[in-house]
Amino acid sequence: MAAAAILPDLATQVLVPAAAVVGIAFAVVQWVLVSKVKMTAERRGEGSPGAASGKDGGASEYLIEEEEGLNEHNVVEKCSEIQHAISEGATSFLFTEYKYVGLFMGIFAVLIFLFLGSVEGFSTESQPCHYSKDRLCKPALANAAFSTVAFVLGAVTSLVSGFLGMKIATYANARTTLEARKGVGKAFITAFRSGAVMGFLLAASGLVVLYIAINLFGIYYGDDWEGLFEAITGYGLGGSSMALFGRVGGGIYTKAADVGADLVGKVERNIPEDDPRNPAVIADNVGDNVGDIAGMGSDLFGSYAESSCAALVVASISSFGINHEFTPMLYPLLISSVGIIACLITTLFATDFFEIKAVDEIEPALKKQLIISTVVMTVGIALVSWLGLPYSFTIFNFGAQKTVYNWQLFLCVAVGLWAGLIIGFVTEYYTSNAYSPVQDVADSCRTGAATNVIFGLALGYKSVIIPIFAIAFSIFLSFSLAAMYGVAVAALGMLSTIATGLAIDAYGPISDNAGGIAEMAGMSHRIRERTDALDAAGNTTAAIGKGFAIGSAALVSLALFGAFVSRAAISTVDVLTPKVFIGLIVGAMLPYWFSAMTMKSVGSAALKMVEEVRRQFNSIPGLMEGTTKPDYATCVKISTDASIKEMIPPGALVMLTPLIVGIFFGVETLSGLLAGALVSGVQAGASEHARTLGPKGSDCHKAAVIGDTIGDPLKDTSGPSLNILIKLMAVESLVFAPFFATHGGILFKWL
């Protein structure tokens with residue numbers, strides 16, 4: 001027998017939860033630091049605005065009064081009022097969404113229990129293990145019950161992650177605006193710290209809930225690790241199914257409001273973005289939080305849960321699981337634990353070690369976060385692979401056991417990690433206004449909206465080339481070294497710096513909201529310039545987050561696909577077989593069908609929004625003059641109602657397709673469907689909006705705004721939701737694999 005891992009089991013039992021506790025504690029510390037920015041006006045002496053100049057930083061702190069003669073108390077009060085309206089709108093939407101999602105969660109949990117319980121006719125007798133027929137495993141009914149519990153755990157964790165992220169973002173947006181009075185550096189730190197709260201809370205809670213579930217389930221399962229980790233896959237299904245509704249619902253909400261606000265406000269009425277006269281402006285800012293924050297949080301949580309589950313399922317039927325080696329078995333969780341510590345060190349570089357003093361330092365600082373986290377994490381992976389794995393072991397490889405060495409697994413995780421960095425940099429190159437691709441799109445605005453849209457679409461298609469090569473190389477190397485387990489841990493490598501990735505990603509919408517609040521509160525133009533600079537960098541970082549999401553989704557889906565094929569006892573997926581080929585061609589079509597549904601949903605919701613904004617401008621006296629307030633609540637209601645109604649059909653398409661195909665056509669057709677959806681869906685990664693040439697209000701600017709509104713549903717609704725489509729269908733197929741293998745394919749049985 002091969003030598004055991006250096007790290008004792010007891011150390012693993014302590015290290016994993018300890019890392020999660022450190023992550024949560026760090027998130028709380030960051031939140032406390034953000035909360036020190038008060039939402040009340042500071043007490044001032046009786047003198048003129050200059051009376052405060054003796055204070056440290058007084059000259060910039062009271063920039064508003066000095067330049068504009070505005071009353072500080074009124075400005076702070078306005079910021080607080082706007083923040084409250086945004087927070088209330090976002091909370092109201094998420095609660096409404098969660099009512100519908102909760103109903104779905106209950107129905108689907110019952111389906112899981114009934115389908116999996118029926119595999120052995122709801123028998124309570126022990127049965128031969130699926131992979132080791134000479135051993136007895138727990139009954140299928142137990143697997144059904146525990147899979148259902150895991151599904152609910154994953155779903156609740158996903159919803160809580162998204163909700164907490166939204167709450168933190170709406171808490172921090174106005175504080176970032178107020179800090180911008182003291183300088184761009186202070187505002188950056190507030191926005192980034194708030195993003196870090198979300199990043200660390202999500203990474204740590206995802207890890208600790210999974211760890212607790214494994215230990216609690218283990219009390220019942222005992223030595224039956226095959227059954228234990230098969231049941232745990234429900235955790236990934238729960239996380240991703242909630243993420244789908246969060247992404248689609250939030251994406252429809254934010255883009256309906258954004259398109260309505262931009263088309264009528266900027267193009268027709270020539271008023272600035274986030275002008276308080278625009279009736280859709282609150283809905284637009286709410287949308288940033290429910291789509292880009294809550295949606296992205298649930299999405300990346302789903303990816304993390306699924307990649308962990310895929311790796312654990314394969315490990316449970318490899319030498320780790322067969323020989324009951326606890327520390328190597330929890331290698332995926334050790335990677336995530338070290339990731340939290342690596343991200344903590346990285347965050348300090350942005351918030352404590354280096355100070356941003358100028359606008360042009362913002363984007364490089366965020367870029368350095370990606371580089372530093374990747375380098376630190378590479379060292380962390382090397383340590384975990386050396387201490388947490390035996391020198392040699394075997395990995396399950398489609399019915400055979402493949403001998404693998406610990407340094408090979410290190411390479412698998414590292415290739416995923418560095419591929420993530422490459423995808424991040426390529427995304428930045430194609431979406432930052434500092435480089436030629438976006439400058440070319442901006443230049444095309446000179447001849448109108450049509451050429452702008454053509455250039456923008458071409459740029460979006462072109463931007464997937466290098467990321468696809470990076471993903472292909474990662475898959476080839478990791479699969480060659482450690483079969484499907486290698487692919488699963490490569491996905492975990494890409495997601496190991498999730499805390500930093502989410503901090504960077506959440507920073508964008510927080511900065512965007514901060515700019516909106518500055519405009520609505522009537523703050524100094526210099527404050528708006530600072531928040532605009534933060535927002536410009538945030539747009540690029542949000543695109544980087546989407547790049548990570550689609551890259552990790554491709555690897556996760558392939559790993560889940562491999563686990564499904566093994567569990568369904570399919571020896572080979574032969575595309576020349578009619579059963580497989582029909583699945584392949586339908587699977588390749590699904591991302592197009594799904595995209596059509598989500599884009600039409602955004603179009604329908606935006607249509608109602610545009611009509612309402614026009615109605616208010618035309619019928620409310622004094623609205624354009626700024627003497628009357630618009631009816632913000634009606635626009636918020638339009639976005640909420642439309643997104644709740646429109647998210648159900650695309651969600652149903654994704655959730656029901658594997659069930660229908662598995663039941664009626666069987667596991668071979670379903671394997672073709674998953675392969676087709678993966679290959680087709682992963683290509684649809686990007687289509688970004690353009691920047692402008694010429695002043696705001698010019699024809700050139702209007703052309704860019706039209707291009708922006710066309711690109712918006714692509715980049716913020718359909719595109720990000722596609723990565724959930726390919727992951728979710730794969731993990732759902734894996735969870736239901738025992739049922740499909742036993743009772744599936746009823747149409748072909750009749751023929």
# chains A, B, ... in the order shown; residues from 1 in each chain; ligands from 1
call {"tool": "select_by_dssp", "arguments": {"residues": "range 69-247 of chain A", "states": "alpha helix (DSSP H)", "output": "PyMOL selection string"}}
result
chain A and resi 72-117+140-179+184-221+225-247
call {"tool": "residues_around", "arguments": {"residues": "range 351-356 of chain A", "least_positions_apart": "4", "cutoff": "12 Å", "atoms": "only C-alpha atoms", "output": "PyMOL selection string"}}
result
chain A and resi 30+33-34+183-196+344-347+360-366+368-369+503+534
call {"tool": "write_last_selection", "arguments": {"atoms": "N, CA, C and O atoms", "output": "CSV table (one decimal), in the first residue's frame"}}
result
chain,number,residue,atom,x,y,z
A,30,GLN,N,-13.7,43.7,7.9
A,30,GLN,CA,-13.9,44.6,6.7
A,30,GLN,C,-15.2,45.3,6.8
A,30,GLN,O,-15.2,46.5,6.5
A,33,LEU,N,-14.9,48.1,9.4
A,33,LEU,CA,-14.2,49.2,8.8
A,33,LEU,C,-15.0,50.1,7.9
A,33,LEU,O,-14.9,51.3,7.9
A,34,VAL,N,-15.8,49.4,7.1
A,34,VAL,CA,-16.7,50.2,6.2
A,34,VAL,C,-17.8,50.9,7.0
A,34,VAL,O,-18.1,52.1,6.6
A,183,GLY,N,-11.2,61.9,-1.5
A,183,GLY,CA,-10.2,61.5,-2.4
A,183,GLY,C,-10.5,60.1,-3.0
A,183,GLY,O,-11.3,59.4,-2.4
A,184,VAL,N,-10.0,59.8,-4.2
A,184,VAL,CA,-10.3,58.6,-4.9
A,184,VAL,C,-9.8,57.4,-4.1
A,184,VAL,O,-10.5,56.3,-4.2
A,185,GLY,N,-8.7,57.5,-3.4
A,185,GLY,CA,-8.1,56.4,-2.7
A,185,GLY,C,-9.1,55.9,-1.6
A,185,GLY,O,-9.3,54.7,-1.4
A,186,LYS,N,-9.7,56.9,-0.8
A,186,LYS,CA,-10.6,56.5,0.3
A,186,LYS,C,-11.8,55.8,-0.3
A,186,LYS,O,-12.3,54.8,0.3
A,187,ALA,N,-12.4,56.3,-1.4
A,187,ALA,CA,-13.6,55.7,-2.0
A,187,ALA,C,-13.3,54.3,-2.5
A,187,ALA,O,-14.1,53.4,-2.3
A,188,PHE,N,-12.1,54.2,-3.1
A,188,PHE,CA,-11.7,52.8,-3.6
A,188,PHE,C,-11.6,51.8,-2.5
A,188,PHE,O,-12.2,50.7,-2.6
A,189,ILE,N,-11.0,52.2,-1.4
A,189,ILE,CA,-10.9,51.3,-0.3
A,189,ILE,C,-12.2,50.9,0.3
A,189,ILE,O,-12.5,49.7,0.6
A,190,THR,N,-13.1,51.8,0.4
A,190,THR,CA,-14.5,51.5,0.9
A,190,THR,C,-15.2,50.5,0.0
A,190,THR,O,-15.8,49.5,0.4
A,191,ALA,N,-15.2,50.8,-1.3
A,191,ALA,CA,-15.8,49.9,-2.3
A,191,ALA,C,-15.2,48.5,-2.3
A,191,ALA,O,-15.9,47.5,-2.3
A,192,PHE,N,-13.8,48.5,-2.3
A,192,PHE,CA,-13.2,47.2,-2.3
A,192,PHE,C,-13.4,46.4,-1.1
A,192,PHE,O,-13.6,45.2,-1.1
A,193,ARG,N,-13.3,47.1,0.1
A,193,ARG,CA,-13.5,46.3,1.4
A,193,ARG,C,-14.9,45.7,1.4
A,193,ARG,O,-15.1,44.6,1.8
A,194,SER,N,-15.9,46.5,0.9
A,194,SER,CA,-17.3,46.0,0.8
A,194,SER,C,-17.4,44.7,-0.1
A,194,SER,O,-18.1,43.8,0.3
A,195,GLY,N,-16.7,44.8,-1.2
A,195,GLY,CA,-16.6,43.6,-2.1
A,195,GLY,C,-16.0,42.4,-1.4
A,195,GLY,O,-16.4,41.3,-1.5
A,196,ALA,N,-14.9,42.7,-0.6
A,196,ALA,CA,-14.2,41.7,0.1
A,196,ALA,C,-15.1,41.0,1.2
A,196,ALA,O,-15.0,39.8,1.4
A,344,LEU,N,-6.9,36.4,1.6
A,344,LEU,CA,-6.8,37.3,2.7
A,344,LEU,C,-5.5,38.1,2.6
A,344,LEU,O,-5.5,39.4,2.7
A,345,ILE,N,-4.4,37.4,2.3
A,345,ILE,CA,-3.1,38.1,2.2
A,345,ILE,C,-3.2,39.1,1.0
A,345,ILE,O,-2.7,40.2,1.1
A,346,THR,N,-3.8,38.6,-0.1
A,346,THR,CA,-3.9,39.4,-1.3
A,346,THR,C,-4.7,40.7,-1.1
A,346,THR,O,-4.3,41.8,-1.5
A,347,THR,N,-5.8,40.6,-0.3
A,347,THR,CA,-6.7,41.7,-0.1
A,347,THR,C,-5.9,42.9,0.7
A,347,THR,O,-6.2,44.0,0.4
A,360,ASP,N,-5.6,57.0,-12.3
A,360,ASP,CA,-5.1,56.0,-13.2
A,360,ASP,C,-4.4,54.8,-12.4
A,360,ASP,O,-3.9,53.9,-13.1
A,361,GLU,N,-4.4,54.8,-11.1
A,361,GLU,CA,-3.9,53.7,-10.3
A,361,GLU,C,-4.9,52.6,-10.0
A,361,GLU,O,-4.6,51.6,-9.5
A,362,ILE,N,-6.2,52.9,-10.3
A,362,ILE,CA,-7.3,52.0,-9.8
A,362,ILE,C,-7.2,50.7,-10.6
A,362,ILE,O,-7.2,49.6,-9.9
A,363,GLU,N,-7.2,50.8,-11.9
A,363,GLU,CA,-7.3,49.5,-12.7
A,363,GLU,C,-6.0,48.7,-12.4
A,363,GLU,O,-6.2,47.4,-12.2
A,364,PRO,N,-4.8,49.3,-12.4
A,364,PRO,CA,-3.6,48.4,-12.1
A,364,PRO,C,-3.7,47.8,-10.8
A,364,PRO,O,-3.3,46.7,-10.6
A,365,ALA,N,-4.3,48.5,-9.8
A,365,ALA,CA,-4.4,47.9,-8.4
A,365,ALA,C,-5.3,46.7,-8.4
A,365,ALA,O,-5.0,45.6,-7.8
A,366,LEU,N,-6.4,46.7,-9.2
A,366,LEU,CA,-7.3,45.5,-9.3
A,366,LEU,C,-6.6,44.4,-10.1
A,366,LEU,O,-6.8,43.2,-9.7
A,368,LYS,N,-3.4,43.8,-10.1
A,368,LYS,CA,-2.4,43.3,-9.2
A,368,LYS,C,-3.1,42.2,-8.3
A,368,LYS,O,-2.4,41.3,-7.9
A,369,GLN,N,-4.3,42.5,-7.9
A,369,GLN,CA,-5.0,41.5,-7.0
A,369,GLN,C,-5.1,40.2,-7.7
A,369,GLN,O,-4.9,39.1,-7.0
A,503,ALA,N,-14.6,39.8,-4.7
A,503,ALA,CA,-14.3,41.2,-4.2
A,503,ALA,C,-14.1,42.2,-5.3
A,503,ALA,O,-14.7,43.3,-5.3
A,534,LEU,N,-13.9,55.2,-10.7
A,534,LEU,CA,-14.1,53.9,-10.0
A,534,LEU,C,-15.0,53.0,-10.8
A,534,LEU,O,-14.7,51.8,-11.0
call {"tool": "select_by_dssp", "arguments": {"residues": "range 62-167 of chain A", "states": "strand (DSSP E or B)", "output": "MDAnalysis selection string"}}
result
chainID A and resid 127:128 136:137
call {"tool": "residues_around", "arguments": {"residues": "range 656-662 of chain A", "least_positions_apart": "5", "cutoff": "6 Å", "atoms": "only C-alpha atoms", "output": "list in words"}}
result
Val667, Leu670, Phe740 and Gly744 of chain A
call {"tool": "write_last_selection", "arguments": {"atoms": "all heavy atoms", "output": "tab-separated table (two decimals), in the first residue's frame"}}
result
chain	number	residue	atom	x	y	z
A	667	VAL	N	-30.04	7.32	-20.77
A	667	VAL	CA	-28.77	7.95	-20.38
A	667	VAL	C	-27.85	8.22	-21.57
A	667	VAL	O	-27.08	9.18	-21.54
A	667	VAL	CB	-28.03	7.08	-19.33
A	667	VAL	CG1	-28.74	7.13	-17.99
A	667	VAL	CG2	-27.86	5.64	-19.80
A	670	LEU	N	-29.03	11.41	-23.14
A	670	LEU	CA	-28.74	12.49	-22.18
A	670	LEU	C	-27.25	12.84	-22.19
A	670	LEU	O	-26.89	14.02	-22.09
A	670	LEU	CB	-29.20	12.07	-20.78
A	670	LEU	CG	-29.04	13.12	-19.66
A	670	LEU	CD1	-29.69	14.44	-20.03
A	670	LEU	CD2	-29.62	12.58	-18.35
A	740	PHE	N	-32.21	7.37	-13.78
A	740	PHE	CA	-32.18	7.25	-15.25
A	740	PHE	C	-31.62	5.90	-15.68
A	740	PHE	O	-32.11	5.29	-16.64
A	740	PHE	CB	-31.35	8.38	-15.87
A	740	PHE	CG	-31.92	9.76	-15.67
A	740	PHE	CD1	-31.08	10.87	-15.59
A	740	PHE	CD2	-33.29	9.96	-15.57
A	740	PHE	CE1	-31.59	12.14	-15.40
A	740	PHE	CE2	-33.82	11.24	-15.38
A	740	PHE	CZ	-32.97	12.33	-15.30
A	744	GLY	N	-34.86	4.84	-16.90
A	744	GLY	CA	-34.89	5.79	-18.02
A	744	GLY	C	-35.02	5.12	-19.38
A	744	GLY	O	-34.92	3.90	-19.52
call {"tool": "closest_residue", "arguments": {"among": "A:Ile570, A:Ala652, A:Ile527, A:Cys445", "to": "Arg181 in chain A", "atoms": "only C-alpha atoms"}}
result
A:Ile527
call {"tool": "residues_around", "arguments": {"residues": "range 90-96 of chain A", "least_positions_apart": "4", "cutoff": "8 Å", "atoms": "only C-alpha atoms", "output": "PyMOL selection string"}}
result
chain A and resi 86+100+163+166-167+286-287+289-290+640+644
call {"tool": "closest_residue", "arguments": {"among": "A:Leu459, A:Leu560, A:Ile395, A:Cys137", "to": "Ser436 in chain A", "atoms": "only C-alpha atoms"}}
result
A:Leu459
call {"tool": "atom_distance", "arguments": {"atom1": "CA of Leu370 in chain A", "atom2": "CA of Thr540 in chain A"}}
result
13.0 Å
call {"tool": "closest_residue", "arguments": {"among": "A:Ile82, A:Ala704, A:Ile638, A:Ala280", "to": "Ala518 in chain A", "atoms": "only C-alpha atoms"}}
result
A:Ile82
call {"tool": "residues_around", "arguments": {"residues": "Ser552 in chain A", "least_positions_apart": "5", "cutoff": "9 Å", "atoms": "only C-alpha atoms", "output": "ChimeraX atom specification"}}
result
/A:300,303-304,307,416,420,471,490-495,547,557,723
call {"tool": "write_last_selection", "arguments": {"atoms": "C-alpha atoms", "output": "short mmCIF file (atom, residue, chain, number, x, y, z; two decimals), in the first residue's frame"}}
result
data_model
loop_
_atom_site.label_atom_id
_atom_site.label_comp_id
_atom_site.auth_asym_id
_atom_site.auth_seq_id
_atom_site.Cartn_x
_atom_site.Cartn_y
_atom_site.Cartn_z
CA LEU A 300 -19.91 31.47 -8.37
CA SER A 303 -19.58 26.65 -9.47
CA TYR A 304 -17.62 26.16 -6.25
CA SER A 307 -16.58 21.46 -8.67
CA GLY A 416 -6.75 25.68 -13.79
CA GLY A 420 -8.21 31.62 -14.90
CA ILE A 471 -9.70 26.00 -21.30
CA ALA A 490 -8.52 22.19 -12.28
CA ALA A 491 -11.96 23.83 -11.98
CA LEU A 492 -11.37 24.16 -8.24
CA GLY A 493 -8.00 25.74 -8.99
CA MET A 494 -9.70 28.36 -11.14
CA LEU A 495 -12.17 28.99 -8.32
CA GLY A 547 -14.78 35.36 -17.71
CA SER A 557 -19.43 20.71 -16.49
CA ASN A 723 -22.63 29.02 -17.78
#
call {"tool": "residues_around", "arguments": {"residues": "range 316-322 of chain A", "least_positions_apart": "5", "cutoff": "7 Å", "atoms": "only C-alpha atoms", "output": "CSV table (one decimal) with C-alpha atoms, in the first residue's frame"}}
result
chain,number,residue,atom,x,y,z
A,225,TRP,CA,-18.1,6.7,1.3
A,226,GLU,CA,-19.5,5.9,-2.2
A,229,PHE,CA,-20.4,11.5,-1.6
A,328,PRO,CA,-6.6,13.0,0.7
A,329,MET,CA,-10.3,12.6,0.3
A,393,PHE,CA,-2.4,6.8,-5.5
A,394,THR,CA,-5.0,5.6,-8.0
A,395,ILE,CA,-7.8,7.6,-9.5
A,396,PHE,CA,-11.0,6.2,-11.1
